file structure.cif (mmCIF, C-alpha atoms)
data_entry
loop_
_atom_site.label_atom_id
_atom_site.label_comp_id
_atom_site.auth_asym_id
_atom_site.auth_seq_id
_atom_site.Cartn_x
_atom_site.Cartn_y
_atom_site.Cartn_z
CA MET A 1 90.61 106.47 103.62
CA GLN A 2 91.29 106.14 99.92
CA ALA A 3 94.53 104.29 100.59
CA ASP A 4 92.82 101.94 103.03
CA LYS A 5 90.26 101.05 100.42
CA THR A 6 93.00 100.39 97.87
CA GLU A 7 94.87 98.28 100.39
CA MET A 8 91.81 96.21 101.22
CA ARG A 9 90.90 95.62 97.59
CA LEU A 10 94.43 94.74 96.44
CA ARG A 11 95.15 92.58 99.46
CA GLU A 12 91.99 90.59 98.86
CA LEU A 13 93.00 90.05 95.24
CA MET A 14 96.52 89.04 96.29
CA LEU A 15 95.27 86.53 98.85
CA ALA A 16 92.95 85.01 96.24
CA ALA A 17 95.86 84.90 93.77
CA LEU A 18 98.07 83.12 96.31
CA ASP A 19 95.35 80.52 96.63
CA GLY A 20 95.46 80.02 92.86
CA ASP A 21 92.64 82.28 91.58
CA GLY A 22 93.83 83.25 88.08
CA ALA A 23 91.10 85.83 87.45
CA ALA A 24 91.83 87.71 90.66
CA TYR A 25 95.52 87.59 89.84
CA ARG A 26 94.97 89.05 86.39
CA ALA A 27 92.84 91.84 87.88
CA LEU A 28 95.53 92.50 90.46
CA LEU A 29 98.35 92.75 87.92
CA ALA A 30 96.29 95.03 85.68
CA ASP A 31 95.52 97.25 88.68
CA LEU A 32 99.15 97.36 89.71
CA ALA A 33 100.28 98.31 86.20
CA ARG A 34 97.89 101.23 86.31
CA TYR A 35 99.29 102.50 89.60
CA LEU A 36 102.93 101.80 88.81
CA ARG A 37 103.13 103.49 85.39
CA PRO A 38 102.60 107.08 86.60
CA TRP A 39 104.61 106.43 89.76
CA PHE A 40 107.68 105.32 87.82
CA ALA A 41 107.22 108.06 85.23
CA ARG A 42 107.12 110.69 87.95
CA ARG A 43 110.19 109.35 89.69
CA LEU A 44 112.16 108.97 86.46
CA GLY A 45 111.52 112.53 85.37
CA THR A 46 110.60 113.63 81.87
CA ALA A 47 113.96 112.74 80.31
CA TYR A 48 113.61 109.05 81.15
CA ALA A 49 109.83 108.68 81.26
CA SER A 50 110.09 106.16 78.41
CA HIS A 51 111.71 103.71 80.84
CA ALA A 52 108.53 103.56 82.90
CA GLU A 53 106.95 100.77 80.86
CA ASP A 54 110.06 98.60 81.20
CA LEU A 55 110.01 99.15 84.92
CA VAL A 56 106.32 98.29 85.16
CA GLN A 57 107.04 94.98 83.43
CA GLU A 58 110.10 94.26 85.55
CA THR A 59 108.08 94.94 88.68
CA LEU A 60 105.15 92.75 87.59
CA LEU A 61 107.62 89.99 86.79
CA ALA A 62 109.19 90.37 90.23
CA VAL A 63 105.75 90.31 91.86
CA HIS A 64 105.14 87.05 90.02
CA THR A 65 108.42 85.27 90.68
CA ARG A 66 108.81 86.58 94.26
CA ARG A 67 105.21 86.38 95.38
CA ILE A 68 106.22 83.74 97.92
CA THR A 69 107.83 86.56 99.92
CA TYR A 70 104.50 88.29 100.57
CA ASP A 71 103.57 87.72 104.19
CA ARG A 72 99.79 87.22 104.33
CA THR A 73 99.54 88.97 107.68
CA ARG A 74 101.16 92.21 106.49
CA PRO A 75 99.89 95.09 104.33
CA PHE A 76 100.07 94.35 100.63
CA THR A 77 100.73 97.92 99.54
CA ALA A 78 103.85 98.09 101.73
CA TRP A 79 105.18 94.91 100.13
CA LEU A 80 104.43 96.13 96.63
CA HIS A 81 106.02 99.47 97.39
CA ALA A 82 109.18 97.70 98.57
CA VAL A 83 109.33 95.58 95.40
CA ALA A 84 108.74 98.58 93.13
CA HIS A 85 111.30 100.66 95.00
CA HIS A 86 113.87 97.88 94.75
CA LYS A 87 113.29 97.54 91.00
CA PHE A 88 113.49 101.30 90.57
CA VAL A 89 116.81 101.62 92.40
CA ASP A 90 118.18 98.61 90.53
CA HIS A 91 117.13 100.04 87.16
CA VAL A 92 118.48 103.50 87.90
CA ARG A 93 121.82 102.07 88.98
CA ARG A 94 122.10 99.79 86.00
CA HIS A 95 121.37 102.55 83.50
CA ALA A 96 123.40 105.16 85.41
CA ILE A 97 120.38 107.45 85.53
CA ARG A 98 120.53 110.25 88.07
CA PRO A 99 116.91 111.18 88.54
CA THR A 100 115.99 114.18 90.60
CA VAL A 101 112.54 114.16 92.15
CA PRO A 102 111.44 117.30 93.99
CA LEU A 103 110.62 116.28 97.53
CA GLU A 104 107.10 117.66 97.46
CA GLU A 105 106.34 115.52 94.41
CA ASP A 106 107.53 112.29 95.91
CA ALA A 107 104.58 110.17 96.90
CA PRO A 108 103.80 106.55 97.69
CA VAL A 109 102.85 104.21 94.85
CA PHE A 110 99.18 104.29 95.66
CA ALA A 111 98.80 108.04 95.97
CA SER A 112 97.42 108.38 92.47
CA ASP A 113 96.72 106.33 89.39
CA ASP A 114 96.26 106.73 85.68
CA SER A 115 92.50 107.04 85.70
CA ALA A 116 92.23 110.62 86.91
CA ASN A 117 94.38 113.16 88.59
CA ALA A 118 94.23 113.25 92.33
CA ALA A 119 92.10 116.37 92.82
CA ASP A 120 89.44 115.25 90.36
CA ARG A 121 89.52 111.88 91.96
CA ARG A 122 88.77 113.28 95.39
CA ASP A 123 85.78 115.11 93.97
CA VAL A 124 84.58 111.94 92.33
CA GLU A 125 84.94 110.01 95.57
CA ALA A 126 82.90 112.66 97.39
CA VAL A 127 80.18 112.60 94.75
CA LEU A 128 80.02 108.82 94.65
CA LYS A 129 79.10 108.79 98.35
CA PHE A 130 75.62 109.91 97.31
CA VAL A 131 74.77 106.61 95.61
CA PRO A 132 74.63 103.17 97.22
CA GLU A 133 78.06 101.73 97.91
CA ARG A 134 77.96 98.98 95.31
CA THR A 135 76.66 101.29 92.65
CA GLY A 136 79.45 103.72 93.45
CA GLU A 137 82.05 101.00 93.13
CA LEU A 138 80.55 99.81 89.85
CA ILE A 139 80.69 103.32 88.46
CA ARG A 140 84.25 103.81 89.58
CA GLU A 141 85.40 100.50 88.16
CA THR A 142 83.75 100.83 84.77
CA ARG A 143 83.93 104.55 84.13
CA LEU A 144 87.22 105.48 85.83
CA GLU A 145 89.35 102.40 86.11
CA GLY A 146 88.60 100.95 82.73
CA ALA A 147 87.06 97.63 83.71
CA THR A 148 84.44 96.22 81.35
CA ILE A 149 80.90 95.87 82.64
CA ALA A 150 81.28 92.10 82.58
CA GLU A 151 84.42 92.24 84.77
CA ALA A 152 82.86 94.64 87.24
CA ALA A 153 79.69 92.55 87.44
CA ALA A 154 81.74 89.42 88.06
CA ARG A 155 83.70 91.18 90.79
CA HIS A 156 80.49 91.97 92.63
CA GLY A 157 78.81 88.68 91.84
CA ILE A 158 75.85 90.13 89.95
CA THR A 159 74.68 89.76 86.36
CA GLU A 160 75.78 92.11 83.60
CA THR A 161 72.29 93.44 83.15
CA ALA A 162 71.96 94.20 86.82
CA ALA A 163 75.29 96.02 86.74
CA LYS A 164 74.24 98.07 83.70
CA VAL A 165 70.96 99.04 85.31
CA SER A 166 72.67 99.90 88.57
CA ILE A 167 75.26 102.11 86.83
CA HIS A 168 72.65 103.82 84.74
CA ARG A 169 70.42 104.57 87.73
CA GLY A 170 73.36 105.75 89.78
CA LEU A 171 74.56 108.15 87.12
CA LYS A 172 71.05 109.42 86.55
CA SER A 173 70.54 110.21 90.23
CA LEU A 174 73.92 111.94 90.36
CA VAL A 175 73.08 114.03 87.31
CA ALA A 176 69.78 114.95 88.94
CA LYS A 177 71.60 115.99 92.08
CA PHE A 178 74.67 117.77 90.68
CA GLY A 179 74.00 118.37 86.97
CA ARG A 180 72.62 121.77 86.02
CA GLY A 181 70.01 120.70 83.50
CA GLU A 182 72.32 119.14 80.90
CA PRO A 183 72.57 115.31 81.09
CA MET B 1 103.02 94.47 75.65
CA THR B 2 102.34 94.76 79.35
CA ASP B 3 98.93 93.19 78.75
CA ASP B 4 100.62 90.21 77.08
CA LEU B 5 102.88 89.87 80.07
CA ILE B 6 99.93 90.00 82.47
CA ALA B 7 98.11 87.35 80.47
CA ARG B 8 101.19 85.14 80.41
CA LEU B 9 101.87 85.51 84.13
CA SER B 10 98.30 84.90 85.20
CA SER B 11 98.08 81.73 83.11
CA ASP B 12 101.19 80.47 84.93
CA LEU B 13 99.80 80.74 88.44
CA ARG B 14 100.52 78.12 91.03
CA PRO B 15 99.09 78.48 94.54
CA ILE B 16 101.45 79.43 97.37
CA PRO B 17 100.63 77.91 100.78
CA PRO B 18 100.92 80.06 103.92
CA ARG B 19 104.34 80.21 105.59
CA ALA B 20 105.99 78.96 102.40
CA ILE B 21 109.25 80.80 103.10
CA GLU B 22 109.65 79.25 106.51
CA ARG B 23 109.05 75.79 105.09
CA ARG B 24 111.53 76.34 102.29
CA LEU B 25 114.24 77.50 104.71
CA TRP B 26 113.59 74.63 107.11
CA ARG B 27 113.89 72.13 104.28
CA ALA B 28 117.17 73.72 103.17
CA LEU B 29 118.46 73.60 106.75
CA LEU B 30 117.59 69.90 107.15
CA ALA B 31 119.21 69.01 103.83
CA GLY B 32 122.32 71.00 104.77
CA LEU B 33 122.47 69.39 108.21
CA ALA B 34 122.28 65.94 106.66
CA ILE B 35 125.27 66.70 104.43
CA THR B 36 127.13 68.36 107.29
CA SER B 37 126.64 65.38 109.60
CA VAL B 38 128.13 63.01 107.04
CA THR B 39 131.03 65.23 105.96
CA ALA B 40 131.86 66.13 109.58
CA TRP B 41 132.18 62.44 110.37
CA LEU B 42 134.29 61.82 107.24
CA VAL B 43 136.59 64.80 107.75
CA LEU B 44 136.80 65.25 111.52
CA ASP B 45 136.66 61.64 112.68
CA LEU B 46 138.15 59.63 109.84
CA THR B 47 140.64 62.16 108.44
CA LEU B 48 141.65 64.29 111.44
CA GLY B 49 141.25 61.52 114.01
CA ARG B 50 138.81 63.35 116.30
CA PRO B 51 136.68 60.70 118.01
CA PHE B 52 132.94 61.26 117.99
CA GLY B 53 131.75 62.41 121.39
CA GLY B 54 135.12 63.53 122.74
CA ALA B 55 133.53 65.68 125.45
CA PHE B 56 130.42 63.62 126.16
CA GLY B 57 129.29 63.45 129.75
CA GLY B 58 130.64 66.75 131.03
CA PRO B 59 128.33 69.70 131.67
CA MET B 60 130.38 71.78 129.23
CA PHE B 61 129.18 69.60 126.37
CA TRP B 62 125.61 70.66 127.09
CA VAL B 63 126.60 74.29 127.47
CA LYS B 64 128.16 74.10 124.01
CA MET B 65 125.02 72.46 122.61
CA GLY B 66 122.82 75.22 124.02
CA TYR B 67 125.17 78.04 123.04
CA THR B 68 125.57 76.94 119.42
CA ALA B 69 121.92 75.97 118.96
CA ALA B 70 120.91 79.41 120.25
CA PHE B 71 122.78 81.12 117.38
CA GLY B 72 121.25 78.75 114.87
CA LEU B 73 117.74 79.44 116.16
CA ILE B 74 118.33 83.21 116.33
CA GLY B 75 119.41 83.15 112.69
CA LEU B 76 116.42 81.00 111.83
CA ALA B 77 114.09 83.53 113.44
CA ALA B 78 115.62 86.39 111.46
CA ALA B 79 116.00 84.67 108.08
CA PRO B 80 112.34 84.58 106.92
CA VAL B 81 111.89 88.26 107.77
CA LEU B 82 115.15 89.38 106.18
CA THR B 83 114.39 87.58 102.91
CA ARG B 84 111.32 89.76 102.31
CA PRO B 85 111.44 93.03 100.39
CA ASP B 86 109.78 94.89 103.27
CA GLY B 87 111.43 92.91 106.07
CA ARG B 88 113.12 94.69 108.95
CA ILE B 89 114.19 92.96 112.14
CA ILE B 90 116.88 93.89 114.62
CA TRP B 91 116.32 91.97 117.87
CA PRO B 92 118.03 88.72 116.72
CA LEU B 93 121.26 90.61 116.11
CA LEU B 94 121.05 92.24 119.54
CA VAL B 95 120.30 88.93 121.25
CA ALA B 96 123.20 87.27 119.42
CA GLY B 97 125.52 90.07 120.56
CA LEU B 98 124.30 89.82 124.16
CA LEU B 99 124.80 86.07 124.11
CA VAL B 100 128.45 86.47 123.10
CA LEU B 101 128.96 89.04 125.84
CA LEU B 102 127.38 86.75 128.41
CA ALA B 103 129.57 83.82 127.36
CA LEU B 104 132.67 86.03 127.44
CA ALA B 105 131.77 87.31 130.91
CA LEU B 106 131.25 83.81 132.31
CA GLY B 107 134.37 82.59 130.52
CA THR B 108 136.46 85.43 131.93
CA MET B 109 135.41 84.59 135.49
CA ASP B 110 136.32 80.98 134.85
CA TRP B 111 139.64 81.99 133.34
CA MET B 112 140.39 84.36 136.24
CA ARG B 113 139.97 81.46 138.65
CA ALA B 114 142.48 79.54 136.56
CA ASP B 115 144.90 82.45 137.10
CA TRP B 116 144.78 83.60 133.44
CA SER B 117 146.73 80.55 132.34
CA MET B 118 147.22 80.47 128.59
CA PRO B 119 146.47 76.73 128.15
CA VAL B 120 142.96 77.25 129.57
CA LEU B 121 142.23 79.85 126.91
CA MET B 122 143.91 78.04 124.03
CA GLY B 123 143.12 74.41 124.80
CA ASN B 124 144.78 72.14 122.25
CA THR B 125 142.84 73.19 119.20
CA ALA B 126 142.30 76.97 119.35
CA MET B 127 144.08 77.64 116.08
CA VAL B 128 141.97 75.22 114.03
CA CYS B 129 138.65 75.42 115.87
CA PRO B 130 137.15 78.53 114.16
CA TRP B 131 138.20 77.31 110.72
CA LEU B 132 136.79 73.84 111.26
CA ILE B 133 133.51 75.32 112.53
CA THR B 134 133.19 77.42 109.39
CA LEU B 135 134.06 74.40 107.26
CA THR B 136 131.50 72.25 109.09
CA GLY B 137 128.82 74.89 108.52
CA LEU B 138 129.52 75.30 104.80
CA PRO B 139 126.96 72.74 103.49
CA VAL B 140 124.21 74.36 105.55
CA LEU B 141 125.26 77.81 104.31
CA ALA B 142 125.26 76.65 100.70
CA MET B 143 121.79 75.07 100.97
CA LEU B 144 120.32 78.12 102.70
CA LEU B 145 121.78 80.60 100.22
CA ALA B 146 120.53 78.46 97.34
CA ALA B 147 117.03 78.46 98.85
CA MET B 148 117.20 82.23 99.37
CA ARG B 149 118.07 82.96 95.76
CA SER B 150 114.42 82.69 94.75
CA LEU B 151 113.37 85.06 97.56
CA ALA B 152 113.58 88.84 97.65
CA PRO B 153 115.66 90.21 100.54
CA ARG B 154 115.51 93.92 101.25
CA SER B 155 119.21 93.74 102.00
CA PRO B 156 121.03 90.80 100.40
CA THR B 157 123.94 91.33 102.80
CA LEU B 158 121.76 91.02 105.91
CA ALA B 159 119.91 88.01 104.53
CA GLY B 160 123.27 86.35 103.82
CA PHE B 161 124.35 87.22 107.35
CA ALA B 162 121.29 85.49 108.78
CA ALA B 163 122.00 82.41 106.64
CA GLY B 164 125.59 82.48 107.92
CA LEU B 165 124.40 82.72 111.51
CA VAL B 166 122.20 79.64 111.06
CA ALA B 167 125.02 77.77 109.31
CA GLY B 168 127.59 78.85 111.90
CA GLY B 169 125.36 77.92 114.83
CA PHE B 170 124.40 74.50 113.57
CA GLY B 171 127.88 73.90 112.11
CA ALA B 172 129.36 74.57 115.54
CA LEU B 173 126.77 72.29 117.10
CA VAL B 174 127.82 69.42 114.87
CA TYR B 175 131.48 70.29 115.44
CA ALA B 176 130.97 70.15 119.21
CA PHE B 177 130.40 66.40 118.91
CA TYR B 178 134.00 66.01 117.72
CA CYS B 179 135.56 68.60 120.03
CA GLY B 180 137.28 67.58 123.27
CA GLU B 181 137.69 71.06 124.76
CA THR B 182 135.93 71.74 128.05
CA GLY B 183 136.87 75.36 128.87
CA MET B 184 134.16 78.02 129.10
CA MET B 185 136.56 80.68 127.88
CA PHE B 186 137.60 78.44 125.01
CA MET B 187 134.01 78.22 123.84
CA ALA B 188 133.28 81.90 124.41
CA VAL B 189 136.23 82.97 122.26
CA TRP B 190 136.82 80.34 119.62
CA TYR B 191 133.32 79.01 119.02
CA SER B 192 132.00 82.57 118.83
CA LEU B 193 134.76 83.42 116.38
CA GLY B 194 133.93 80.42 114.20
CA ILE B 195 130.24 81.31 114.13
CA ALA B 196 131.02 84.97 113.43
CA MET B 197 133.31 83.99 110.56
CA THR B 198 130.57 81.85 109.03
CA ALA B 199 128.05 84.68 109.40
CA LEU B 200 130.49 87.12 107.78
CA LEU B 201 131.12 84.70 104.92
CA GLY B 202 127.36 84.43 104.45
CA ALA B 203 127.05 88.21 104.36
CA ILE B 204 129.80 88.54 101.75
CA ILE B 205 128.40 85.80 99.49
CA GLY B 206 124.85 87.03 100.04
CA LYS B 207 125.74 90.56 98.96
CA PHE B 208 126.39 89.21 95.46
CA ALA B 209 124.42 85.95 95.25
CA LEU B 210 121.12 87.19 96.66
CA ARG B 211 120.64 90.19 94.35
CA TRP B 212 117.32 90.19 92.60
#

call {"tool": "encode", "arguments": {"input": "structure.cif", "output": "structure tokens"}}
result
Amino acid sequence: MQADKTEMRLRELMLAALDGDGAAYRALLADLARYLRPWFARRLGTAYASHAEDLVQETLLAVHTRRITYDRTRPFTAWLHAVAHHKFVDHVRRHAIRPTVPLEEDAPVFASDDSANAADRRDVEAVLKFVPERTGELIRETRLEGATIAEAAARHGITETAAKVSIHRGLKSLVAKFGRGEP
Amino acid sequence: MTDDLIARLSSDLRPIPPRAIERRLWRALLAGLAITSVTAWLVLDLTLGRPFGGAFGGPMFWVKMGYTAAFGLIGLAAAPVLTRPDGRIIWPLLVAGLLVLLALALGTMDWMRADWSMPVLMGNTAMVCPWLITLTGLPVLAMLLAAMRSLAPRSPTLAGFAAGLVAGGFGALVYAFYCGETGMMFMAVWYSLGIAMTALLGAIIGKFALRW
């Protein structure tokens, strides 16, 4: 469910980017960096975690220069995963790193991101179901994913003020529902 | 740092039309074929004295056309998929293998009827045919590999192999215009060998040239 939502959102951004939409492209790359950083760090292991940023940049660069190879009819996350995996293997070979990742910790790129750890995130997703869908997305984008209110408002095609009001009301209703007295 | 990179990349965004890979490969193929047609005439006709259309008119000429074009088209079907990072495709390789088997089976029956006579198998040009086919396909191979360098194959070797299959198929097709042989077994063995050699050459070059 979560992955499907990610796929739909990223794919839409990618399709817009392929058509020349610079803003969507910038949002896409920023999103990808957020997902890729922890994924590389986890796969590299603690000893080489400092390489993660290099790999993020290499992968973004590859996404840019090889974006012609994305087939519009296929899932975007699968393509991105293939690019990231290729860059990872290439990097590890070149630097003669021998990373060991415990099997149970290996996960696809989009399993988790920087904004919260996975368990908290599931809770948040469950809670956000209690507010209208757009409000929930606005809250997630601004409070968890680090978008500014202006960016989130633009993404949903509403004014900044409307977004602010919507977020405020949403949070207030959630506090009323789940908070125990304290705001 | 990464933010700078993102800003730089998103300011350098040019739109990509749908099916851009296919178009790029087709363009490379046409350019390669143009060069091949000219060099084949210069080398095969003017230098080696092979008249254009040596086997025109016979049914075997058309069999050769179909057989060689089939490999080119099979390679062309596989190439766009194999040049993607998440591309997997296996049926073109199977079809290509089956096609060789079919040709060998038909050729063997033909050869059996000729009482296994060596001249039917070897024709007059068996020793040069595979080499000349590979040579004829080289311009196409070079153009295709050059076009593939900006793509992102999951396996550079397989992508190179597909390029080689296209180059071998269309190289053999052009070569067939200058080839006077009319034996089925001749085609099944020596044409197949020439195409396979081109495909193998593509795989070897691709392994190194198509890294990304």

call {"tool": "atom_distance", "arguments": {"input": "structure.cif", "atom1": "CA of Val175 in chain A", "atom2": "CA of Val124 in chain A"}}
result
12.7 Å

call {"tool": "closest_atom_pairs", "arguments": {"input": "structure.cif", "of": "chain A", "to": "chain B", "cutoff": "9 Å", "atoms": "all atoms listed in the file", "output": "tab-separated table"}}
result
residue	atom	partner	partner_atom	distance
A:Ala17	CA	B:Pro15	CA	7.2
A:Leu18	CA	B:Pro15	CA	5.1
A:Asp19	CA	B:Pro15	CA	4.7
A:Gly20	CA	B:Pro15	CA	4.3
A:Asp21	CA	B:Leu13	CA	8.0
A:Gly22	CA	B:Ser10	CA	5.6
A:Ala23	CA	B:Ser10	CA	7.6
A:Ala24	CA	B:Ser10	CA	8.9
A:Tyr25	CA	B:Ser10	CA	6.0
A:Arg26	CA	B:Ser10	CA	5.5
A:Leu29	CA	B:Ile6	CA	6.3
A:Ala30	CA	B:Ile6	CA	7.0
A:Ala33	CA	B:Thr2	CA	8.0
A:Glu53	CA	B:Thr2	CA	7.7
A:Asp54	CA	B:Thr2	CA	8.8
A:Val56	CA	B:Thr2	CA	7.9
A:Gln57	CA	B:Thr2	CA	6.2
A:Leu60	CA	B:Ile6	CA	7.8
A:Leu61	CA	B:Leu9	CA	7.8
A:Ala62	CA	B:Trp212	CA	8.5
A:His64	CA	B:Leu9	CA	6.9
A:Thr65	CA	B:Ser150	CA	7.7
A:Arg66	CA	B:Leu151	CA	5.8
A:Arg67	CA	B:Ile16	CA	8.1
A:Ile68	CA	B:Ile16	CA	6.5
A:Thr69	CA	B:Arg84	CA	5.3
A:Tyr70	CA	B:Arg84	CA	7.2
A:Asp71	CA	B:Arg19	CA	7.7
A:Arg72	CA	B:Pro18	CA	7.3
A:Ala78	CA	B:Asp86	CA	6.9
A:Trp79	CA	B:Asp86	CA	5.6
A:Leu80	CA	B:Pro85	CA	8.5
A:His81	CA	B:Asp86	CA	8.3
A:Ala82	CA	B:Pro85	CA	5.5
A:Val83	CA	B:Pro85	CA	6.0
A:His86	CA	B:Arg154	CA	7.8
A:Lys87	CA	B:Trp212	CA	8.5
A:Asp90	CA	B:Trp212	CA	8.7

call {"tool": "residues_around", "arguments": {"input": "structure.cif", "residues": "Ala150 in chain A", "least_positions_apart": "6", "cutoff": "9 Å", "atoms": "only C-alpha atoms", "output": "MDAnalysis selection string"}}
result
chainID A and resid 159:160 163

call {"tool": "atom_distance", "arguments": {"input": "structure.cif", "atom1": "CA of Asn124 in chain B", "atom2": "CA of Val38 in chain B"}}
result
24.3 Å

call {"tool": "residues_around", "arguments": {"input": "structure.cif", "residues": "Ser37 in chain B", "least_positions_apart": "4", "cutoff": "12 Å", "atoms": "only C-alpha atoms", "output": "VMD selection string"}}
result
chain B and resid 29 to 33 41 to 45 52 135 to 140 170 to 178

call {"tool": "closest_residue", "arguments": {"input": "structure.cif", "among": "B:Ala79, B:Met60, B:Ile74, B:Ala103", "to": "Ala188 in chain B", "atoms": "only C-alpha atoms"}}
result
B:Ala103

call {"tool": "resolve_selection", "arguments": {"input": "structure.cif", "expression": "the PyMOL selection byres ((chain B and resi 102) around 12)", "output": "NGL selection string"}}
result
:B and (67 or 95-101 or 103-109 or 184-185 or 187-189 or 192)

call {"tool": "residues_around", "arguments": {"input": "structure.cif", "residues": "Gly168 in chain B", "least_positions_apart": "4", "cutoff": "10 Å", "atoms": "all atoms listed in the file", "output": "CSV table (one decimal) with C-alpha atoms, in the frame of the given file"}}
result
chain,number,residue,atom,x,y,z
B,68,THR,CA,125.6,76.9,119.4
B,69,ALA,CA,121.9,76.0,119.0
B,71,PHE,CA,122.8,81.1,117.4
B,72,GLY,CA,121.2,78.8,114.9
B,75,GLY,CA,119.4,83.2,112.7
B,130,PRO,CA,137.2,78.5,114.2
B,133,ILE,CA,133.5,75.3,112.5
B,134,THR,CA,133.2,77.4,109.4
B,135,LEU,CA,134.1,74.4,107.3
B,136,THR,CA,131.5,72.2,109.1
B,137,GLY,CA,128.8,74.9,108.5
B,138,LEU,CA,129.5,75.3,104.8
B,140,VAL,CA,124.2,74.4,105.6
B,141,LEU,CA,125.3,77.8,104.3
B,162,ALA,CA,121.3,85.5,108.8
B,163,ALA,CA,122.0,82.4,106.6
B,164,GLY,CA,125.6,82.5,107.9
B,172,ALA,CA,129.4,74.6,115.5
B,173,LEU,CA,126.8,72.3,117.1
B,174,VAL,CA,127.8,69.4,114.9
B,191,TYR,CA,133.3,79.0,119.0
B,192,SER,CA,132.0,82.6,118.8
B,193,LEU,CA,134.8,83.4,116.4
B,194,GLY,CA,133.9,80.4,114.2
B,195,ILE,CA,130.2,81.3,114.1
B,196,ALA,CA,131.0,85.0,113.4
B,197,MET,CA,133.3,84.0,110.6
B,198,THR,CA,130.6,81.8,109.0
B,199,ALA,CA,128.0,84.7,109.4
B,200,LEU,CA,130.5,87.1,107.8
B,201,LEU,CA,131.1,84.7,104.9
B,202,GLY,CA,127.4,84.4,104.4

call {"tool": "resolve_selection", "arguments": {"input": "structure.cif", "expression": "the PyMOL selection byres ((chain A and resi 97) around 12)", "output": "ChimeraX atom specification"}}
result
/A:43-45,47-49,51,88-96,98-100

call {"tool": "atom_distance", "arguments": {"input": "structure.cif", "atom1": "CA of Gly170 in chain A", "atom2": "CA of Leu128 in chain A"}}
result
8.8 Å

call {"tool": "residues_around", "arguments": {"input": "structure.cif", "residues": "range 137-146 of chain A", "least_positions_apart": "2", "cutoff": "10 Å", "atoms": "only C-alpha atoms", "output": "PyMOL selection string"}}
result
chain A and resi 31+34+113-116+121+124-125+128-129+131-135+148-153+155-156+163-164+166-168+170-171

call {"tool": "closest_residue", "arguments": {"input": "structure.cif", "among": "B:Leu48, B:Lys207, B:Met148, B:Gly160", "to": "Leu25 in chain B", "atoms": "only C-alpha atoms"}}
result
B:Met148

call {"tool": "decode", "arguments": {"input": "structure.cif", "residues": "range 137-176 of chain B", "atoms": "C-alpha atoms", "output": "compact mmCIF listing (two decimals), in the first residue's frame"}}
result
# COMPACT_ATOMS: atom_id res chain seq x y z
CA GLY B 137 28.40 -5.90 -40.51
CA LEU B 138 31.13 -3.89 -38.77
CA PRO B 139 29.83 -0.37 -39.62
CA VAL B 140 26.38 -1.27 -38.29
CA LEU B 141 27.94 -2.74 -35.14
CA ALA B 142 30.04 0.37 -34.58
CA MET B 143 27.08 2.73 -35.00
CA LEU B 144 24.85 0.67 -32.70
CA LEU B 145 27.47 0.36 -29.96
CA ALA B 146 28.15 4.09 -30.18
CA ALA B 147 24.42 4.80 -29.77
CA MET B 148 24.23 2.37 -26.84
CA ARG B 149 27.04 4.06 -24.92
CA SER B 150 24.65 6.72 -23.62
CA LEU B 151 22.16 4.06 -22.49
CA ALA B 152 22.25 1.91 -19.38
CA PRO B 153 22.25 -1.84 -20.07
CA ARG B 154 21.70 -4.20 -17.17
CA SER B 155 24.27 -6.47 -18.76
CA PRO B 156 26.70 -4.72 -21.12
CA THR B 157 27.66 -8.11 -22.58
CA LEU B 158 24.08 -9.02 -23.52
CA ALA B 159 23.40 -5.56 -24.94
CA GLY B 160 26.55 -5.87 -27.05
CA PHE B 161 25.38 -9.31 -28.15
CA ALA B 162 22.06 -7.87 -29.32
CA ALA B 163 23.90 -5.14 -31.24
CA GLY B 164 26.08 -7.84 -32.80
CA LEU B 165 23.02 -9.86 -33.78
CA VAL B 166 21.51 -6.84 -35.55
CA ALA B 167 24.83 -6.05 -37.25
CA GLY B 168 25.41 -9.69 -38.20
CA GLY B 169 21.90 -10.12 -39.58
CA PHE B 170 21.87 -6.97 -41.67
CA GLY B 171 25.55 -7.39 -42.60
CA ALA B 172 24.75 -10.85 -43.95
CA LEU B 173 21.75 -9.44 -45.77
CA VAL B 174 23.92 -6.92 -47.59
CA TYR B 175 26.56 -9.60 -48.18
CA ALA B 176 23.95 -11.88 -49.77
